>>> print(open('my_file.pdb').read())   # PDB, C-alpha atoms
ATOM      1  CA  MET A   1       3.185  -6.990 -24.978
ATOM      2  CA  ASP A   2       4.308  -7.330 -21.357
ATOM      3  CA  TRP A   3       1.652  -5.209 -19.655
ATOM      4  CA  LEU A   4       2.873  -5.783 -16.109
ATOM      5  CA  THR A   5       6.305  -4.462 -17.040
ATOM      6  CA  THR A   6       4.594  -1.484 -18.677
ATOM      7  CA  ILE A   7       2.743  -0.682 -15.448
ATOM      8  CA  ARG A   8       5.892  -1.127 -13.371
ATOM      9  CA  ALA A   9       7.624   1.485 -15.499
ATOM     10  CA  LEU A  10       4.888   4.098 -15.050
ATOM     11  CA  PRO A  11       5.413   6.980 -12.604
ATOM     12  CA  ALA A  12       3.217   7.267  -9.487
ATOM     13  CA  SER A  13       1.225   9.991 -11.232
ATOM     14  CA  ARG A  14       0.038   7.439 -13.805
ATOM     15  CA  ARG A  15      -0.973   4.620 -11.499
ATOM     16  CA  ALA A  16      -4.106   4.717  -9.376
ATOM     17  CA  VAL A  17      -6.564   2.721  -7.293
ATOM     18  CA  GLN A  18     -10.258   3.037  -8.069
ATOM     19  CA  HIS A  19     -12.000   4.887  -5.267
ATOM     20  CA  GLN A  20     -14.408   2.757  -3.198
ATOM     21  CA  PRO A  21     -16.332   3.147   0.049
ATOM     22  CA  GLU A  22     -13.818   2.813   2.910
ATOM     23  CA  THR A  23     -13.389  -0.830   3.930
ATOM     24  CA  PRO A  24     -10.393  -2.778   5.289
ATOM     25  CA  ARG A  25     -10.026  -4.555   1.919
ATOM     26  CA  TYR A  26      -9.976  -1.287  -0.023
ATOM     27  CA  ALA A  27      -7.407  -0.008   2.481
ATOM     28  CA  ARG A  28      -5.256  -3.073   1.795
ATOM     29  CA  ALA A  29      -5.607  -2.565  -1.966
ATOM     30  CA  ARG A  30      -4.085   0.907  -1.577
ATOM     31  CA  ALA A  31      -1.400  -0.284   0.827
ATOM     32  CA  LYS A  32      -0.429  -3.316  -1.284
ATOM     33  CA  LEU A  33      -0.304  -1.526  -4.658
ATOM     34  CA  ARG A  34       3.484  -1.178  -4.785
ATOM     35  CA  TYR A  35       4.016  -4.646  -3.317
ATOM     36  CA  VAL A  36       1.698  -6.245  -5.889
ATOM     37  CA  LEU A  37       3.467  -4.475  -8.725
ATOM     38  CA  GLU A  38       6.860  -5.526  -7.436
ATOM     39  CA  ARG A  39       6.059  -9.164  -6.611
ATOM     40  CA  GLY A  40       3.086  -9.754  -8.901
ATOM     41  CA  ILE A  41       2.855 -12.488 -11.529
ATOM     42  CA  PHE A  42       1.030 -11.796 -14.786
ATOM     43  CA  LEU A  43      -1.991 -14.092 -15.233
ATOM     44  CA  GLY A  44      -3.536 -12.879 -18.462
ATOM     45  CA  ALA A  45      -5.052  -9.989 -20.398
ATOM     46  CA  ARG A  46      -8.325  -9.152 -22.098
ATOM     47  CA  GLN A  47      -9.873  -6.251 -23.964
ATOM     48  CA  SER A  48     -12.107  -4.147 -21.715
ATOM     49  CA  GLU A  49     -15.789  -4.582 -22.529
ATOM     50  CA  LEU A  50     -16.770  -1.294 -20.891
ATOM     51  CA  HIS A  51     -13.898   0.947 -21.936
ATOM     52  CA  GLN A  52     -13.128   0.943 -25.626
ATOM     53  CA  GLY A  53      -9.452   0.600 -26.400
ATOM     54  CA  ALA A  54      -8.492  -0.219 -22.823
ATOM     55  CA  VAL A  55      -6.779  -3.473 -21.870
ATOM     56  CA  GLU A  56      -7.352  -5.245 -18.569
ATOM     57  CA  ILE A  57      -4.857  -7.574 -16.936
ATOM     58  CA  ALA A  58      -5.019  -9.919 -13.946
ATOM     59  CA  VAL A  59      -2.083 -10.229 -11.541
ATOM     60  CA  TRP A  60      -1.463 -12.408  -8.489
ATOM     61  CA  ALA A  61       1.122 -11.811  -5.755
ATOM     62  CA  PRO A  62       1.990 -14.159  -2.884
ATOM     63  CA  PRO A  63       1.168 -12.976   0.647
ATOM     64  CA  GLY A  64       3.990 -10.919   2.125
ATOM     65  CA  HIS A  65       3.860 -12.729   5.458
ATOM     66  CA  GLY A  66       3.883 -16.324   4.222
ATOM     67  CA  ARG A  67       0.713 -18.356   4.656
ATOM     68  CA  GLY A  68      -2.829 -17.607   3.517
ATOM     69  CA  PRO A  69      -4.301 -16.279   0.302
ATOM     70  CA  GLY A  70      -2.258 -13.992  -1.899
ATOM     71  CA  TYR A  71      -3.481 -10.844  -3.619
ATOM     72  CA  TYR A  72      -5.435 -11.127  -6.884
ATOM     73  CA  CYS A  73      -5.743  -7.803  -8.690
ATOM     74  CA  CYS A  74      -7.015  -6.488 -11.986
ATOM     75  CA  PHE A  75      -5.634  -3.396 -13.671
ATOM     76  CA  ARG A  76      -7.268  -1.444 -16.494
ATOM     77  CA  ILE A  77      -4.705   0.164 -18.761
ATOM     78  CA  PHE A  78      -5.756   3.232 -20.708
ATOM     79  CA  HIS A  79      -3.813   4.558 -23.651
ATOM     80  CA  GLN A  80      -3.986   8.331 -23.351
ATOM     81  CA  ARG A  81      -3.814  11.082 -25.927
ATOM     82  CA  ASP A  82      -0.286  12.025 -24.925
ATOM     83  CA  ASN A  83       0.768   8.519 -26.002
ATOM     84  CA  GLU A  84       1.303   7.454 -22.396
ATOM     85  CA  HIS A  85      -0.404   4.708 -20.446
ATOM     86  CA  PHE A  86      -2.444   5.088 -17.278
ATOM     87  CA  ALA A  87      -3.096   2.068 -15.031
ATOM     88  CA  LEU A  88      -6.064   1.746 -12.696
ATOM     89  CA  LEU A  89      -6.357  -1.011 -10.092
ATOM     90  CA  PHE A  90     -10.081  -1.771 -10.107
ATOM     91  CA  CYS A  91     -10.307  -5.177  -8.414
ATOM     92  CA  PHE A  92      -8.545  -6.562  -5.330
ATOM     93  CA  TYR A  93      -9.296  -9.992  -3.855
ATOM     94  CA  ASP A  94      -7.496 -11.318  -0.783
ATOM     95  CA  GLY A  95      -9.995 -13.744   0.706
ATOM     96  CA  THR A  96     -11.533 -11.166   3.057
ATOM     97  CA  GLU A  97     -14.987  -9.514   2.989
ATOM     98  CA  GLY A  98     -16.352 -12.420   0.956
ATOM     99  CA  SER A  99     -13.805 -12.017  -1.830
ATOM    100  CA  PRO A 100     -12.151 -15.083  -3.364
ATOM    101  CA  GLY A 101      -8.783 -16.067  -1.931
ATOM    102  CA  PHE A 102      -6.079 -17.830  -3.942
ATOM    103  CA  LYS A 103      -3.200 -19.554  -2.204
ATOM    104  CA  SER A 104      -1.315 -20.383  -5.383
ATOM    105  CA  VAL A 105      -0.624 -18.789  -8.715
ATOM    106  CA  GLY A 106      -2.171 -21.857 -10.364
ATOM    107  CA  SER A 107      -5.563 -21.413  -8.723
ATOM    108  CA  ALA A 108      -5.459 -17.667  -9.431
ATOM    109  CA  ARG A 109      -4.691 -18.357 -13.104
ATOM    110  CA  VAL A 110      -7.637 -20.760 -13.408
ATOM    111  CA  PHE A 111      -9.936 -18.052 -12.007
ATOM    112  CA  ALA A 112      -8.432 -15.402 -14.296
ATOM    113  CA  ASN A 113      -8.833 -17.606 -17.367
ATOM    114  CA  ALA A 114     -12.458 -18.312 -16.428
ATOM    115  CA  ASN A 115     -13.002 -14.557 -16.361
ATOM    116  CA  GLY A 116     -11.647 -13.965 -19.828
ATOM    117  CA  PHE A 117      -8.030 -13.160 -19.047
ATOM    118  CA  GLY A 118      -5.938 -14.959 -21.610
ATOM    119  CA  GLY A 119      -2.228 -15.564 -21.732
ATOM    120  CA  ALA A 120      -0.028 -15.713 -24.798
ATOM    121  CA  ASP A 121      -2.984 -16.085 -27.171
ATOM    122  CA  HIS A 122      -4.366 -12.708 -26.205
ATOM    123  CA  GLU A 123      -0.963 -11.059 -26.201
ATOM    124  CA  ASP A 124      -0.437 -12.102 -29.824
ATOM    125  CA  HIS A 125      -3.132  -9.639 -30.871
ATOM    126  CA  HIS A 126      -1.091  -6.638 -29.678
TER
ATOM    127  CA  MET B   1      -7.872  14.917 -15.525
ATOM    128  CA  LYS B   2      -9.969  16.747 -12.957
ATOM    129  CA  THR B   3      -9.315  16.695  -9.235
ATOM    130  CA  THR B   4     -11.862  16.803  -6.425
ATOM    131  CA  ILE B   5     -10.818  17.591  -2.867
ATOM    132  CA  LYS B   6     -12.496  15.901   0.091
ATOM    133  CA  LYS B   7     -11.840  17.636   3.403
ATOM    134  CA  ASP B   8     -11.378  15.777   6.705
ATOM    135  CA  TYR B   9     -11.887  12.504   4.879
ATOM    136  CA  PRO B  10     -12.228   9.344   7.047
ATOM    137  CA  TYR B  11      -9.485   7.156   5.563
ATOM    138  CA  GLN B  12      -8.943   3.523   6.481
ATOM    139  CA  ALA B  13      -5.363   2.311   6.857
ATOM    140  CA  ALA B  14      -3.289   0.156   9.204
ATOM    141  CA  GLY B  15      -6.375  -1.280  10.889
ATOM    142  CA  ARG B  16      -8.044   1.976  11.888
ATOM    143  CA  LEU B  17      -9.659   5.170  10.584
ATOM    144  CA  TRP B  18      -7.690   8.391  10.108
ATOM    145  CA  SER B  19      -8.889  11.886   9.356
ATOM    146  CA  VAL B  20      -7.091  13.084   6.232
ATOM    147  CA  PRO B  21      -7.219  16.911   6.083
ATOM    148  CA  GLN B  22      -7.357  16.975   2.264
ATOM    149  CA  LEU B  23      -7.860  13.953   0.038
ATOM    150  CA  ARG B  24      -7.294  14.602  -3.667
ATOM    151  CA  LEU B  25      -9.511  12.376  -5.801
ATOM    152  CA  THR B  26      -8.715  12.210  -9.490
ATOM    153  CA  ILE B  27     -11.644  11.925 -11.868
ATOM    154  CA  LEU B  28     -10.789   9.877 -14.948
ATOM    155  CA  PRO B  29     -12.253  10.839 -18.354
ATOM    156  CA  ASP B  30     -14.938   8.124 -17.988
ATOM    157  CA  GLY B  31     -16.051   9.575 -14.637
ATOM    158  CA  THR B  32     -14.356   6.975 -12.430
ATOM    159  CA  ALA B  33     -12.961   8.409  -9.199
ATOM    160  CA  ALA B  34      -9.475   7.214  -8.315
ATOM    161  CA  LEU B  35      -6.620   7.866  -5.933
ATOM    162  CA  LEU B  36      -3.283   8.361  -7.646
ATOM    163  CA  GLU B  37      -0.409   6.359  -6.242
ATOM    164  CA  GLU B  38       1.474   9.592  -5.480
ATOM    165  CA  GLU B  39      -1.488  10.780  -3.368
ATOM    166  CA  ILE B  40      -1.704   7.401  -1.613
ATOM    167  CA  GLU B  41       2.004   7.573  -0.822
ATOM    168  CA  HIS B  42       1.665  11.143   0.463
ATOM    169  CA  ILE B  43      -1.146  10.119   2.830
ATOM    170  CA  HIS B  44       0.555   6.897   3.893
ATOM    171  CA  ARG B  45       3.790   8.715   4.776
ATOM    172  CA  GLY B  46       1.743  11.001   7.017
ATOM    173  CA  ILE B  47       0.037   8.034   8.666
ATOM    174  CA  ALA B  48       3.368   6.219   9.083
ATOM    175  CA  ASN B  49       4.814   9.294  10.786
ATOM    176  CA  GLU B  50       1.864   9.316  13.205
ATOM    177  CA  ILE B  51       2.256   5.589  13.928
ATOM    178  CA  CYS B  52       5.995   5.893  14.578
ATOM    179  CA  GLY B  53       5.621   9.022  16.723
ATOM    180  CA  SER B  54       2.736   7.646  18.782
ATOM    181  CA  GLY B  55       3.258   6.442  22.347
ATOM    182  CA  GLU B  56       0.920   3.492  21.829
ATOM    183  CA  ALA B  57       2.120  -0.067  21.278
ATOM    184  CA  LEU B  58       2.576  -1.022  17.634
ATOM    185  CA  THR B  59      -0.164  -3.288  16.322
ATOM    186  CA  VAL B  60       0.464  -6.015  13.770
ATOM    187  CA  ALA B  61      -1.799  -4.188  11.295
ATOM    188  CA  GLU B  62       0.466  -1.138  11.688
ATOM    189  CA  LEU B  63       3.579  -3.282  11.290
ATOM    190  CA  GLU B  64       2.199  -4.745   8.057
ATOM    191  CA  PHE B  65       1.302  -1.239   6.858
ATOM    192  CA  LEU B  66       4.847   0.020   7.533
ATOM    193  CA  CYS B  67       6.306  -3.026   5.763
ATOM    194  CA  ASP B  68       4.106  -2.348   2.726
ATOM    195  CA  LEU B  69       4.961   1.339   2.584
ATOM    196  CA  THR B  70       8.697   0.782   2.804
ATOM    197  CA  LEU B  71       8.613  -2.415   0.712
ATOM    198  CA  THR B  72      10.212  -4.219   3.623
ATOM    199  CA  PRO B  73       9.813  -7.998   3.506
ATOM    200  CA  TRP B  74       8.337  -9.569   6.642
ATOM    201  CA  SER B  75      11.548 -11.618   6.905
ATOM    202  CA  ALA B  76      13.688  -8.436   6.988
ATOM    203  CA  ALA B  77      11.712  -7.125   9.977
ATOM    204  CA  ALA B  78      12.267 -10.461  11.728
ATOM    205  CA  GLU B  79      15.971 -10.316  10.903
ATOM    206  CA  PHE B  80      16.221  -6.757  12.246
ATOM    207  CA  LEU B  81      14.712  -7.910  15.543
ATOM    208  CA  GLY B  82      16.827 -11.057  15.641
ATOM    209  CA  VAL B  83      13.783 -13.316  15.805
ATOM    210  CA  HIS B  84      12.564 -16.087  13.554
ATOM    211  CA  ARG B  85      10.014 -15.187  10.885
ATOM    212  CA  SER B  86       7.527 -17.554  12.552
ATOM    213  CA  THR B  87       7.614 -15.329  15.656
ATOM    214  CA  LEU B  88       6.098 -12.492  13.634
ATOM    215  CA  SER B  89       3.499 -14.902  12.302
ATOM    216  CA  LYS B  90       2.546 -15.735  15.903
ATOM    217  CA  TRP B  91       2.118 -12.027  16.616
ATOM    218  CA  ARG B  92      -0.357 -11.879  13.738
ATOM    219  CA  HIS B  93      -2.698 -14.096  15.751
ATOM    220  CA  THR B  94      -2.574 -11.857  18.821
ATOM    221  CA  GLY B  95      -2.678  -8.623  16.784
ATOM    222  CA  VAL B  96      -0.057  -6.739  18.797
ATOM    223  CA  VAL B  97       3.707  -6.561  18.983
ATOM    224  CA  PRO B  98       4.215  -8.086  22.446
ATOM    225  CA  ARG B  99       6.828  -5.890  24.119
ATOM    226  CA  ALA B 100       7.168  -2.119  24.289
ATOM    227  CA  VAL B 101      10.889  -2.241  23.628
ATOM    228  CA  ILE B 102      10.310  -4.163  20.372
ATOM    229  CA  SER B 103       7.579  -1.745  19.414
ATOM    230  CA  LEU B 104       9.906   1.229  19.894
ATOM    231  CA  ALA B 105      12.763  -0.430  18.005
ATOM    232  CA  LEU B 106      10.513  -1.113  15.024
ATOM    233  CA  LYS B 107       9.035   2.392  15.027
ATOM    234  CA  LYS B 108      12.481   3.970  15.046
ATOM    235  CA  TRP B 109      13.701   1.634  12.294
ATOM    236  CA  PHE B 110      10.763   2.444  10.031
ATOM    237  CA  TRP B 111      10.858   6.177  10.766
ATOM    238  CA  PHE B 112      14.491   6.316   9.655
ATOM    239  CA  LYS B 113      13.661   4.280   6.526
ATOM    240  CA  LEU B 114      11.047   6.888   5.615
ATOM    241  CA  PHE B 115      12.568  10.157   6.772
ATOM    242  CA  GLY B 116      16.181   9.393   7.687
ATOM    243  CA  GLY B 117      17.422  10.413   4.250
ATOM    244  CA  GLU B 118      16.241  13.995   4.808
ATOM    245  CA  LEU B 119      16.482  14.304   8.589
ATOM    246  CA  GLY B 120      18.880  11.583   9.695
ATOM    247  CA  ASN B 121      21.945  13.846   9.897
ATOM    248  CA  ARG B 122      20.333  16.757  11.753
ATOM    249  CA  SER B 123      21.534  17.539  15.245
ATOM    250  CA  VAL B 124      19.104  16.849  18.078
ATOM    251  CA  LYS B 125      18.911  18.467  21.510
ATOM    252  CA  LEU B 126      19.868  16.170  24.357
ATOM    253  CA  SER B 127      16.435  16.635  25.940
ATOM    254  CA  HIS B 128      14.857  14.912  22.927
ATOM    255  CA  LEU B 129      17.019  11.873  23.564
ATOM    256  CA  SER B 130      15.914  11.227  27.131
ATOM    257  CA  SER B 131      14.053   8.144  25.948
ATOM    258  CA  GLU B 132      13.185   6.388  22.688
ATOM    259  CA  GLY B 133       9.600   7.547  23.081
ATOM    260  CA  ALA B 134      10.671  11.175  23.547
ATOM    261  CA  PHE B 135      12.880  10.973  20.463
ATOM    262  CA  LEU B 136      10.139   9.465  18.287
ATOM    263  CA  SER B 137       7.656  12.094  19.409
ATOM    264  CA  TYR B 138      10.193  14.804  18.490
ATOM    265  CA  ALA B 139      10.982  13.048  15.191
ATOM    266  CA  ARG B 140       7.278  12.973  14.268
ATOM    267  CA  GLN B 141       6.994  16.724  14.832
ATOM    268  CA  GLU B 142      10.207  17.390  12.891
ATOM    269  CA  ALA B 143       8.898  15.502   9.838
ATOM    270  CA  ILE B 144       5.731  17.611   9.932
ATOM    271  CA  GLU B 145       7.552  20.916  10.404
ATOM    272  CA  ARG B 146       9.937  20.135   7.538
ATOM    273  CA  SER B 147       6.909  19.354   5.314
ATOM    274  CA  LEU B 148       7.951  15.745   4.874
ATOM    275  CA  ALA B 149       4.714  14.421   6.363
ATOM    276  CA  GLU B 150       1.228  15.761   6.789
ATOM    277  CA  PRO B 151      -0.340  15.712  10.279
ATOM    278  CA  ILE B 152      -3.089  13.085  10.148
ATOM    279  CA  ALA B 153      -5.225  12.426  13.215
ATOM    280  CA  LYS B 154      -6.485   9.039  14.392
ATOM    281  CA  MET B 155     -10.274   8.804  14.403
ATOM    282  CA  ARG B 156     -10.826   5.577  16.317
ATOM    283  CA  ALA B 157      -9.293   2.152  16.806
TER
END
>>> encode(input="my_file.pdb", output="structure tokens")
Amino acid sequence: MDWLTTIRALPASRRAVQHQPETPRYARARAKLRYVLERGIFLGARQSELHQGAVEIAVWAPPGHGRGPGYYCCFRIFHQRDNEHFALLFCFYDGTEGSPGFKSVGSARVFANANGFGGADHEDHH
Amino acid sequence: MKTTIKKDYPYQAAGRLWSVPQLRLTILPDGTAALLEEEIEHIHRGIANEICGSGEALTVAELEFLCDLTLTPWSAAAEFLGVHRSTLSKWRHTGVVPRAVISLALKKWFWFKLFGGELGNRSVKLSHLSSEGAFLSYARQEAIERSLAEPIAKMRA
């Protein structure tokens, strides 16, 4: 299943950013949400360990202004009772505030794979 | 899902803190607090209206914020100004858009991207057109009065 396409198709009432203490990076996560969904590249998926039945995906988007690290994000996708999905952005790394920064999709994919996000193999289970 | 309202919430965006009169937090079934994208967009439109209507010079953090909100590529902003994309990259190092006239042109461009669809064809008194700054200040107030943007105050730089 193409989870990134699924999230892209959701209305704004079914996509959210996990609330955090106010920091510049959290502010960027909110501001970049639409950009990441539009320009993002799917890196892999995994079953959520904490939330039964939920799927988590990793996405990387190139920086909008050219150089520097791109935006590495993780979304948790819940399947709700009304048979609709709900997507929550719960992780946002852009190389600031001590977070990892990835300048290429390749390096982001290596990191995602090391954190349990699989590609086609995982998708075959759905 | 439940909703919790935070009043006068200090909200970080575009490189500074803003006081959001009412922030609606959604509580997911597992207890996680989240901001829905529609709420984020509502707040960010209000902040964008304040940025565009402000008399202060546009900062690069604000420019990036406006680009994100309107899904405007960095290259399109450069093209609008008739400068090379690398010029905007140089501004990133200094943190500010260097000339007031460029600042005003960008603010007006973004304001019309956000609110021009609803307000772009309305007639305007000549007194509001005495300068670009006067027009943008009027435009900011118009967006608020027509309920297209919430008034959101700056807290500090």
>>> resolve_selection(input="my_file.pdb", expression="the PyMOL selection byres ((chain A) within 7 of (chain B))", output="list in words")
Ala12, Ser13, Arg15, Ala16, Val17, Gln18, His19, Glu22, Thr23, Pro24, Ala27, Arg30, Ala31, Lys32, Tyr35, Gly64 and His65 of chain A
>>> residues_near_point(input="my_file.pdb", point="(4.8, -12.0, -2.9)", cutoff="9 Å", atoms="only C-alpha atoms", output="short mmCIF file (atom, residue, chain, number, x, y, z; two decimals) with C-alpha atoms, in the frame of the given file")
data_model
loop_
_atom_site.label_atom_id
_atom_site.label_comp_id
_atom_site.auth_asym_id
_atom_site.auth_seq_id
_atom_site.Cartn_x
_atom_site.Cartn_y
_atom_site.Cartn_z
CA TYR A 35 4.02 -4.65 -3.32
CA VAL A 36 1.70 -6.24 -5.89
CA GLU A 38 6.86 -5.53 -7.44
CA ARG A 39 6.06 -9.16 -6.61
CA GLY A 40 3.09 -9.75 -8.90
CA ILE A 41 2.86 -12.49 -11.53
CA TRP A 60 -1.46 -12.41 -8.49
CA ALA A 61 1.12 -11.81 -5.76
CA PRO A 62 1.99 -14.16 -2.88
CA PRO A 63 1.17 -12.98 0.65
CA GLY A 64 3.99 -10.92 2.12
CA HIS A 65 3.86 -12.73 5.46
CA GLY A 66 3.88 -16.32 4.22
CA GLY A 70 -2.26 -13.99 -1.90
CA TYR A 71 -3.48 -10.84 -3.62
#
>>> resolve_selection(input="my_file.pdb", expression="the PyMOL selection byres ((chain B and resi 9) around 7)", output="VMD selection string")
chain B and resid 6 to 8 10 to 11 19 to 23
>>> closest_residue(input="my_file.pdb", among="A:Gly53, A:Thr5, A:Leu10, A:Ala29", to="Arg81 (chain A)", atoms="all atoms listed in the file")
A:Gly53
>>> resolve_selection(input="my_file.pdb", expression="the PyMOL selection byres ((chain B and resi 142-152) around 9)", output="list in words")
Trp18, Ser19, Val20, Pro21, His42, Ile43, His44, Arg45, Gly46, Ile47, Ala48, Asn49, Glu50, Phe115, Glu118, Leu119, Ser137, Tyr138, Ala139, Arg140, Gln141, Ala153 and Lys154 of chain B
>>> write_last_selection(input="my_file.pdb", atoms="C-alpha atoms", output="PDB file, keeping the file's coordinate frame")
ATOM      1  CA  TRP B  18      -7.690   8.391  10.108  1.00  0.00           C
ATOM      2  CA  SER B  19      -8.889  11.886   9.356  1.00  0.00           C
ATOM      3  CA  VAL B  20      -7.091  13.084   6.232  1.00  0.00           C
ATOM      4  CA  PRO B  21      -7.219  16.911   6.083  1.00  0.00           C
ATOM      5  CA  HIS B  42       1.665  11.143   0.463  1.00  0.00           C
ATOM      6  CA  ILE B  43      -1.146  10.119   2.830  1.00  0.00           C
ATOM      7  CA  HIS B  44       0.555   6.897   3.893  1.00  0.00           C
ATOM      8  CA  ARG B  45       3.790   8.715   4.776  1.00  0.00           C
ATOM      9  CA  GLY B  46       1.743  11.001   7.017  1.00  0.00           C
ATOM     10  CA  ILE B  47       0.037   8.034   8.666  1.00  0.00           C
ATOM     11  CA  ALA B  48       3.368   6.219   9.083  1.00  0.00           C
ATOM     12  CA  ASN B  49       4.814   9.294  10.786  1.00  0.00           C
ATOM     13  CA  GLU B  50       1.864   9.316  13.205  1.00  0.00           C
ATOM     14  CA  PHE B 115      12.568  10.157   6.772  1.00  0.00           C
ATOM     15  CA  GLU B 118      16.241  13.995   4.808  1.00  0.00           C
ATOM     16  CA  LEU B 119      16.482  14.304   8.589  1.00  0.00           C
ATOM     17  CA  SER B 137       7.656  12.094  19.409  1.00  0.00           C
ATOM     18  CA  TYR B 138      10.193  14.804  18.490  1.00  0.00           C
ATOM     19  CA  ALA B 139      10.982  13.048  15.191  1.00  0.00           C
ATOM     20  CA  ARG B 140       7.278  12.973  14.268  1.00  0.00           C
ATOM     21  CA  GLN B 141       6.994  16.724  14.832  1.00  0.00           C
ATOM     22  CA  ALA B 153      -5.225  12.426  13.215  1.00  0.00           C
ATOM     23  CA  LYS B 154      -6.485   9.039  14.392  1.00  0.00           C
TER      24      LYS B 154
END
>>> residues_around(input="my_file.pdb", residues="Ala45 (chain A)", least_positions_apart="6", cutoff="7 Å", atoms="only C-alpha atoms", output="list in words")
Val55, Glu56, Ile57, Ala58, Phe117, Gly118, Gly119 and His122 of chain A
>>> atom_distance(input="my_file.pdb", atom1="CA of Phe86 (chain A)", atom2="CA of Lys103 (chain A)")
28.9 Å
>>> atom_distance(input="my_file.pdb", atom1="CA of Lys107 (chain B)", atom2="CA of Ile51 (chain B)")
7.6 Å
>>> atom_distance(input="my_file.pdb", atom1="CA of Ala108 (chain A)", atom2="CA of Ala54 (chain A)")
22.2 Å
>>> build_atoms(input="my_file.pdb", residues="region 50-67 of chain B", atoms="N, CA and C atoms", output="short mmCIF file (atom, residue, chain, number, x, y, z; two decimals), in the frame of the given file")
data_model
loop_
_atom_site.label_atom_id
_atom_site.label_comp_id
_atom_site.auth_asym_id
_atom_site.auth_seq_id
_atom_site.Cartn_x
_atom_site.Cartn_y
_atom_site.Cartn_z
N GLU B 50 2.71 9.32 11.99
CA GLU B 50 1.86 9.32 13.20
C GLU B 50 2.05 8.02 13.98
N ILE B 51 2.09 6.90 13.27
CA ILE B 51 2.26 5.59 13.93
C ILE B 51 3.60 5.54 14.67
N CYS B 52 4.65 5.98 13.98
CA CYS B 52 6.00 5.89 14.58
C CYS B 52 6.15 6.87 15.74
N GLY B 53 5.49 8.00 15.67
CA GLY B 53 5.62 9.02 16.72
C GLY B 53 4.66 8.83 17.88
N SER B 54 3.75 7.88 17.74
CA SER B 54 2.74 7.65 18.78
C SER B 54 3.33 6.89 19.97
N GLY B 55 2.79 7.14 21.15
CA GLY B 55 3.26 6.44 22.35
C GLY B 55 2.59 5.10 22.54
N GLU B 56 1.64 4.77 21.69
CA GLU B 56 0.92 3.49 21.83
C GLU B 56 1.75 2.33 21.28
N ALA B 57 1.43 1.13 21.77
CA ALA B 57 2.12 -0.07 21.28
C ALA B 57 1.78 -0.29 19.80
N LEU B 58 2.77 -0.75 19.06
CA LEU B 58 2.58 -1.02 17.63
C LEU B 58 1.67 -2.24 17.46
N THR B 59 0.67 -2.13 16.62
CA THR B 59 -0.16 -3.29 16.32
C THR B 59 0.41 -4.02 15.11
N VAL B 60 -0.02 -5.25 14.92
CA VAL B 60 0.46 -6.02 13.77
C VAL B 60 -0.06 -5.41 12.46
N ALA B 61 -1.27 -4.86 12.49
CA ALA B 61 -1.80 -4.19 11.30
C ALA B 61 -0.91 -2.99 10.93
N GLU B 62 -0.43 -2.28 11.94
CA GLU B 62 0.47 -1.14 11.69
C GLU B 62 1.82 -1.62 11.17
N LEU B 63 2.31 -2.72 11.74
CA LEU B 63 3.58 -3.28 11.29
C LEU B 63 3.48 -3.69 9.82
N GLU B 64 2.39 -4.33 9.45
CA GLU B 64 2.20 -4.74 8.06
C GLU B 64 2.11 -3.52 7.14
N PHE B 65 1.43 -2.48 7.62
CA PHE B 65 1.30 -1.24 6.86
C PHE B 65 2.69 -0.62 6.62
N LEU B 66 3.50 -0.57 7.66
CA LEU B 66 4.85 0.02 7.53
C LEU B 66 5.72 -0.81 6.60
N CYS B 67 5.57 -2.14 6.68
CA CYS B 67 6.31 -3.03 5.76
C CYS B 67 5.89 -2.75 4.31
#
